[in-house]
>>> print(open('structure-v8.cif').read())   # mmCIF, C-alpha atoms
data_final
#
loop_
_atom_site.label_atom_id
_atom_site.label_comp_id
_atom_site.auth_asym_id
_atom_site.auth_seq_id
_atom_site.Cartn_x
_atom_site.Cartn_y
_atom_site.Cartn_z
CA MET A 1042 121.50 63.19 150.09
CA GLY A 1043 123.86 61.07 148.07
CA ILE A 1044 126.80 58.80 148.81
CA TYR A 1045 129.11 58.44 145.81
CA VAL A 1046 131.90 55.86 145.77
CA VAL A 1047 134.67 56.37 143.21
CA THR A 1048 136.79 53.25 142.89
CA SER A 1049 138.90 51.20 140.53
CA LEU A 1050 141.19 48.20 140.58
CA LYS A 1051 143.62 49.91 138.22
CA ARG A 1052 146.34 52.21 139.49
CA GLY A 1053 146.37 55.47 137.57
CA SER A 1054 142.76 55.14 136.45
CA GLY A 1055 142.07 58.73 137.47
CA LYS A 1056 139.58 57.92 140.22
CA THR A 1057 141.12 60.45 142.59
CA THR A 1058 140.76 63.25 140.02
CA ILE A 1059 137.14 62.27 139.42
CA ALA A 1060 136.49 62.23 143.16
CA GLN A 1061 138.00 65.73 143.40
CA TYR A 1062 135.85 67.14 140.64
CA LEU A 1063 132.68 65.43 141.80
CA SER A 1064 133.06 66.65 145.37
CA GLN A 1065 133.79 70.20 144.23
CA ALA A 1066 130.77 70.23 141.92
CA LEU A 1067 128.43 68.74 144.52
CA SER A 1068 129.59 71.28 147.11
CA ILE A 1069 128.11 74.04 144.93
CA LEU A 1070 124.73 72.35 145.24
CA ASN A 1071 124.89 71.39 148.91
CA LYS A 1072 127.22 70.69 151.82
CA THR A 1073 129.62 67.93 150.75
CA ILE A 1074 132.55 66.01 152.20
CA LEU A 1075 135.27 64.10 150.39
CA LEU A 1076 136.25 61.06 152.42
CA ASP A 1077 139.69 59.78 151.45
CA ALA A 1078 139.60 56.11 152.38
CA ASP A 1079 142.07 55.03 149.71
CA LEU A 1080 144.27 52.30 151.11
CA SER A 1081 147.27 53.95 149.45
CA SER A 1082 146.64 57.23 151.33
CA ALA A 1083 146.33 59.67 148.45
CA ASN A 1084 147.34 63.27 149.18
CA TYR A 1085 144.54 65.86 149.19
CA GLU A 1086 146.07 69.17 150.25
CA TRP A 1087 143.98 70.84 147.51
CA ALA A 1088 140.85 70.11 149.57
CA MET A 1089 141.87 72.65 152.18
CA GLN A 1090 140.39 75.55 150.24
CA GLN A 1091 138.09 78.51 150.83
CA ASN A 1092 134.91 76.53 150.37
CA ASN A 1093 132.94 76.07 153.55
CA HIS A 1094 130.50 73.78 151.76
CA LEU A 1095 133.25 71.23 151.01
CA GLY A 1096 134.75 69.24 153.82
CA PHE A 1097 137.63 66.79 153.67
CA GLU A 1098 138.65 63.90 155.84
CA HIS A 1099 141.28 61.20 155.52
CA ILE A 1100 140.50 58.02 157.38
CA ASN A 1101 143.05 55.31 158.02
CA VAL A 1102 141.57 51.98 157.11
CA VAL A 1103 142.87 48.52 156.32
CA GLU A 1104 141.23 46.04 153.97
CA SER A 1105 139.98 43.82 156.78
CA ASP A 1106 138.34 46.69 158.68
CA SER A 1107 134.59 46.86 158.11
CA ASN A 1108 133.64 48.90 161.17
CA THR A 1109 135.66 52.12 160.95
CA LEU A 1110 134.20 53.31 157.64
CA ASP A 1111 130.75 52.06 158.50
CA LEU A 1112 130.60 54.07 161.72
CA ARG A 1113 132.19 57.15 160.15
CA ILE A 1114 129.74 57.27 157.27
CA GLN A 1115 126.83 56.84 159.67
CA HIS A 1116 128.10 59.90 161.54
CA LEU A 1117 128.80 62.00 158.43
CA LYS A 1118 125.27 61.42 157.12
CA ASN A 1119 124.06 63.68 159.92
CA HIS A 1120 126.30 66.57 158.88
CA TYR A 1121 126.59 66.50 155.09
CA ALA A 1122 124.13 66.27 152.21
CA ASN A 1123 126.68 64.49 150.00
CA ILE A 1124 129.56 62.15 150.75
CA VAL A 1125 132.14 61.29 148.09
CA VAL A 1126 134.36 58.33 148.99
CA ASP A 1127 137.68 57.68 147.25
CA ILE A 1128 138.69 54.06 147.90
CA HIS A 1129 140.68 51.36 146.14
CA GLY A 1130 138.71 48.70 144.30
CA HIS A 1131 140.13 45.53 145.85
CA ASP A 1132 137.36 43.31 147.20
CA SER A 1133 137.72 43.95 150.92
CA ASN A 1134 135.63 44.35 154.05
CA ALA A 1135 136.39 48.07 153.91
CA LEU A 1136 135.02 48.48 150.39
CA ARG A 1137 131.99 46.30 151.09
CA SER A 1138 131.14 48.39 154.17
CA VAL A 1139 131.14 51.54 152.02
CA LEU A 1140 129.10 50.05 149.18
CA LYS A 1141 126.30 48.95 151.46
CA HIS A 1142 125.63 52.67 152.13
CA ALA A 1143 126.30 53.98 148.62
CA ASN A 1144 123.75 55.41 146.22
CA LYS A 1145 126.16 55.35 143.28
CA ILE A 1146 129.46 53.70 142.43
CA ILE A 1147 131.58 55.26 139.68
CA ILE A 1148 134.23 53.09 138.02
CA PRO A 1149 136.72 54.86 135.70
CA THR A 1150 138.39 52.68 133.09
CA GLY A 1151 140.63 52.75 130.05
CA LEU A 1152 140.43 51.14 126.63
CA THR A 1153 142.47 47.94 126.92
CA GLU A 1154 141.24 44.38 127.32
CA GLN A 1155 142.86 44.34 130.76
CA ASP A 1156 140.83 47.42 131.71
CA THR A 1157 137.65 45.62 130.67
CA ARG A 1158 138.58 42.55 132.74
CA LEU A 1159 139.23 44.71 135.81
CA VAL A 1160 135.86 46.46 135.36
CA GLN A 1161 134.11 43.10 135.11
CA GLU A 1162 135.82 42.00 138.33
CA MET A 1163 134.61 45.13 140.09
CA LEU A 1164 131.12 44.70 138.72
CA ALA A 1165 130.90 41.19 140.15
CA LEU A 1166 131.35 42.71 143.60
CA ALA A 1167 128.97 45.62 142.97
CA ILE A 1168 126.25 43.30 141.66
CA ALA A 1169 126.65 41.07 144.74
CA ILE A 1170 126.23 44.14 146.95
CA LYS A 1171 123.08 45.10 145.02
CA GLN A 1172 121.35 42.07 146.51
CA PHE A 1173 121.43 43.91 149.84
CA ASN A 1174 121.67 47.53 148.69
CA THR A 1175 119.03 47.34 145.97
CA GLY A 1176 119.21 51.06 145.19
CA LEU A 1177 122.90 51.00 144.27
CA GLN A 1178 123.52 52.45 140.80
CA ILE A 1179 126.66 51.45 138.91
CA TYR A 1180 128.37 53.80 136.44
CA ILE A 1181 131.32 53.10 134.14
CA VAL A 1182 133.19 55.97 132.48
CA LEU A 1183 136.06 56.03 129.99
CA ASN A 1184 138.70 58.17 131.68
CA LYS A 1185 142.19 59.50 130.93
CA ILE A 1186 141.83 58.62 127.27
CA PRO A 1187 144.77 60.02 125.27
CA ILE A 1188 143.83 62.93 123.01
CA GLY A 1189 143.97 61.78 119.41
CA THR A 1190 142.85 58.24 120.21
CA ASP A 1191 141.26 56.66 117.15
CA ALA A 1192 137.47 56.91 117.28
CA GLU A 1193 137.13 53.26 116.26
CA GLU A 1194 139.15 52.21 119.32
CA ILE A 1195 136.76 54.11 121.58
CA ILE A 1196 133.73 52.64 119.81
CA GLU A 1197 135.15 49.11 120.19
CA ALA A 1198 135.79 49.63 123.91
CA LYS A 1199 132.28 50.99 124.33
CA LYS A 1200 130.81 47.88 122.69
CA HIS A 1201 132.53 45.63 125.22
CA LEU A 1202 131.55 47.78 128.18
CA GLN A 1203 127.98 48.38 127.06
CA ASP A 1204 127.42 44.63 126.98
CA ILE A 1205 128.09 44.40 130.71
CA PRO A 1206 124.74 43.97 132.51
CA SER A 1207 123.53 45.82 135.61
CA ALA A 1208 125.66 48.92 134.92
CA LYS A 1209 125.23 52.20 133.07
CA PHE A 1210 128.00 53.04 130.63
CA LEU A 1211 128.36 56.81 130.40
CA ASN A 1212 128.40 58.50 127.02
CA THR A 1213 130.94 61.03 128.28
CA VAL A 1214 134.55 60.27 127.38
CA ILE A 1215 137.01 62.03 129.68
CA TYR A 1216 140.25 62.69 127.85
CA ASN A 1217 143.67 62.99 129.41
CA LEU A 1218 143.69 66.75 129.05
CA ASP A 1219 146.70 68.78 130.17
CA GLU A 1220 144.27 71.32 131.62
CA TRP A 1221 143.06 68.99 134.39
CA PRO A 1222 145.62 69.92 137.09
CA SER A 1223 145.25 73.68 136.62
CA TYR A 1224 141.50 73.39 136.17
CA LEU A 1225 140.97 71.59 139.44
CA ASN A 1226 142.88 74.32 141.27
CA ASN A 1227 140.65 77.08 139.89
CA ALA A 1228 137.00 77.99 140.00
CA LEU A 1229 134.62 75.82 138.02
CA ASP A 1230 133.77 78.73 135.73
CA ASP A 1231 137.38 79.31 134.67
CA GLN A 1232 137.04 80.40 131.02
CA SER A 1233 140.57 79.26 130.21
CA SER A 1234 139.48 75.64 130.64
CA THR A 1235 136.31 75.69 128.56
CA ASP A 1236 136.91 72.33 126.87
CA VAL A 1237 137.56 70.60 130.18
CA GLN A 1238 134.54 72.30 131.71
CA VAL A 1239 132.22 71.02 128.98
CA ILE A 1240 133.48 67.44 129.31
CA LEU A 1241 133.20 67.41 133.09
CA GLN A 1242 129.78 69.04 133.02
CA ASP A 1243 128.58 66.30 130.67
CA PHE A 1244 129.97 63.73 133.11
CA LEU A 1245 128.27 65.40 136.05
CA THR A 1246 124.93 65.62 134.23
CA GLU A 1247 124.99 61.89 133.49
CA VAL A 1248 125.97 60.90 137.03
CA LEU A 1249 123.40 63.10 138.76
CA ASN A 1250 120.47 62.21 136.49
#
>>> encode(input="structure-v8.cif", output="structure tokens")
Amino acid sequence: MGIYVVTSLKRGSGKTTIAQYLSQALSILNKTILLDADLSSANYEWAMQQNNHLGFEHINVVESDSNTLDLRIQHLKNHYANIVVDIHGHDSNALRSVLKHANKIIIPTGLTEQDTRLVQEMLALAIAIKQFNTGLQIYIVLNKIPIGTDAEEIIEAKKHLQDIPSAKFLNTVIYNLDEWPSYLNNALDDQSSTDVQVILQDFLTEVLN
């Protein structure tokens, strides 16, 4: 069983899209639920699909609430092999209560210096949690990178992020492909989205290994 937390301090980082893909992919392997605990109440109508191995639940939570998520995750562990949690990255009691259960935290980020600062802020929290949840694995992934971005810019961003201790920087670069919306609404073997499929499969392989 795995508990995956997808989170970011940056609005528009693409964490919700990653949570969607990850939960869909995991549901092929075993019974999975996507738990929408985002404080901004993201909309997940897409989750109501013909996949009885993928559950969905939105839970109302405020930043100061540490009990609601804690109790809900304890319950869901008895019913699902995998739990994917989509939650905002602000340091809060709600986020801390999730991370103490998590096996893996996935932090999507962009290329700017501000993006790097926000990742470092999130890592400070994750590393603090690792003192209690020693098995927590931390992943950073470049996400929503514009197609045509100069390779040197990506290499430079990677240098900064790879120097951050206690985290694994993924080799996969997820580009801001136009195919994402249509791809996520179709089967994972949709041949019309081959490029997207390859990128996301690389991401999945890194996260699950």
>>> atom_distance(input="structure-v8.cif", atom1="atom CA of His1099 of chain A", atom2="atom CA of Asn1250 of chain A")
28.2 Å
>>> resolve_selection(input="structure-v8.cif", expression="the PyMOL selection byres ((chain A and resi 1180) around 6)", output="number ranges by chain")
A: 1147, 1179, 1181, 1208-1210
>>> write_last_selection(input="structure-v8.cif", atoms="C-alpha atoms", output="tab-separated table (two decimals), in the coordinates of the input")
chain	number	residue	atom	x	y	z
A	1147	ILE	CA	131.58	55.26	139.68
A	1179	ILE	CA	126.66	51.45	138.91
A	1181	ILE	CA	131.32	53.10	134.14
A	1208	ALA	CA	125.66	48.92	134.92
A	1209	LYS	CA	125.23	52.20	133.07
A	1210	PHE	CA	128.00	53.04	130.63
>>> resolve_selection(input="structure-v8.cif", expression="the PyMOL selection byres ((chain A and resi 1100) around 9)", output="list of chain:residue names")
A:Leu1076, A:Asp1077, A:Ala1078, A:Asp1079, A:Ser1082, A:Glu1098, A:His1099, A:Asn1101, A:Val1102, A:Thr1109, A:Leu1110, A:Arg1113
>>> closest_atom_pairs(input="structure-v8.cif", of="segment 1165-1203 of chain A", to="segment 1126-1142 of chain A", cutoff="8 Å", atoms="only C-alpha atoms", output="CSV")
residue,atom,partner,partner_atom,distance
A:Leu1166,CA,A:Asp1132,CA,7.0
A:Ala1167,CA,A:Leu1140,CA,7.6
A:Ile1170,CA,A:Lys1141,CA,6.6
A:Phe1173,CA,A:Lys1141,CA,7.2
A:Asn1174,CA,A:Lys1141,CA,5.6
A:Leu1177,CA,A:Leu1140,CA,8.0
>>> atom_distance(input="structure-v8.cif", atom1="atom CA of Asn1119 of chain A", atom2="atom CA of Gly1176 of chain A")
20.0 Å
>>> closest_residue(input="structure-v8.cif", among="A:Thr1153, A:Ala1143, A:Ala1198, A:Val1248", to="Thr1175 of chain A", atoms="all atoms listed in the file")
A:Ala1143
>>> atom_distance(input="structure-v8.cif", atom1="atom CA of Leu1075 of chain A", atom2="atom CA of Pro1187 of chain A")
27.2 Å
>>> resolve_selection(input="structure-v8.cif", expression="the PyMOL selection byres ((chain A and resi 1243) around 12)", output="number ranges by chain")
A: 1063, 1182, 1211-1215, 1236-1242, 1244-1250
>>> closest_residue(input="structure-v8.cif", among="A:Gln1065, A:Asn1184, A:Gln1178, A:Ser1107", to="Gly1053 of chain A", atoms="all atoms listed in the file")
A:Asn1184
>>> closest_residue(input="structure-v8.cif", among="A:Ala1169, A:Ile1188, A:Leu1159, A:Leu1202", to="Ser1054 of chain A", atoms="all atoms listed in the file")
A:Leu1159
>>> closest_residue(input="structure-v8.cif", among="A:Gly1043, A:Leu1117, A:Val1125, A:Leu1112", to="Ala1060 of chain A", atoms="only C-alpha atoms")
A:Val1125
>>> residues_around(input="structure-v8.cif", residues="Glu1154 of chain A", least_positions_apart="5", cutoff="12 Å", atoms="all atoms listed in the file", output="PyMOL selection string")
chain A and resi 1159-1161+1194+1197-1202
>>> axis_aligned_box(input="structure-v8.cif", around="segment 1171-1180 of chain A", padding_each_side="5 Å", output="AutoDock Vina command-line options")
--center_x 123.7 --center_y 47.9 --center_z 143.1 --size_x 19.3 --size_y 21.7 --size_z 23.4
>>> closest_residue(input="structure-v8.cif", among="A:Ile1044, A:Gln1172, A:Pro1149, A:Gln1155", to="Ile1114 of chain A", atoms="all atoms listed in the file")
A:Ile1044
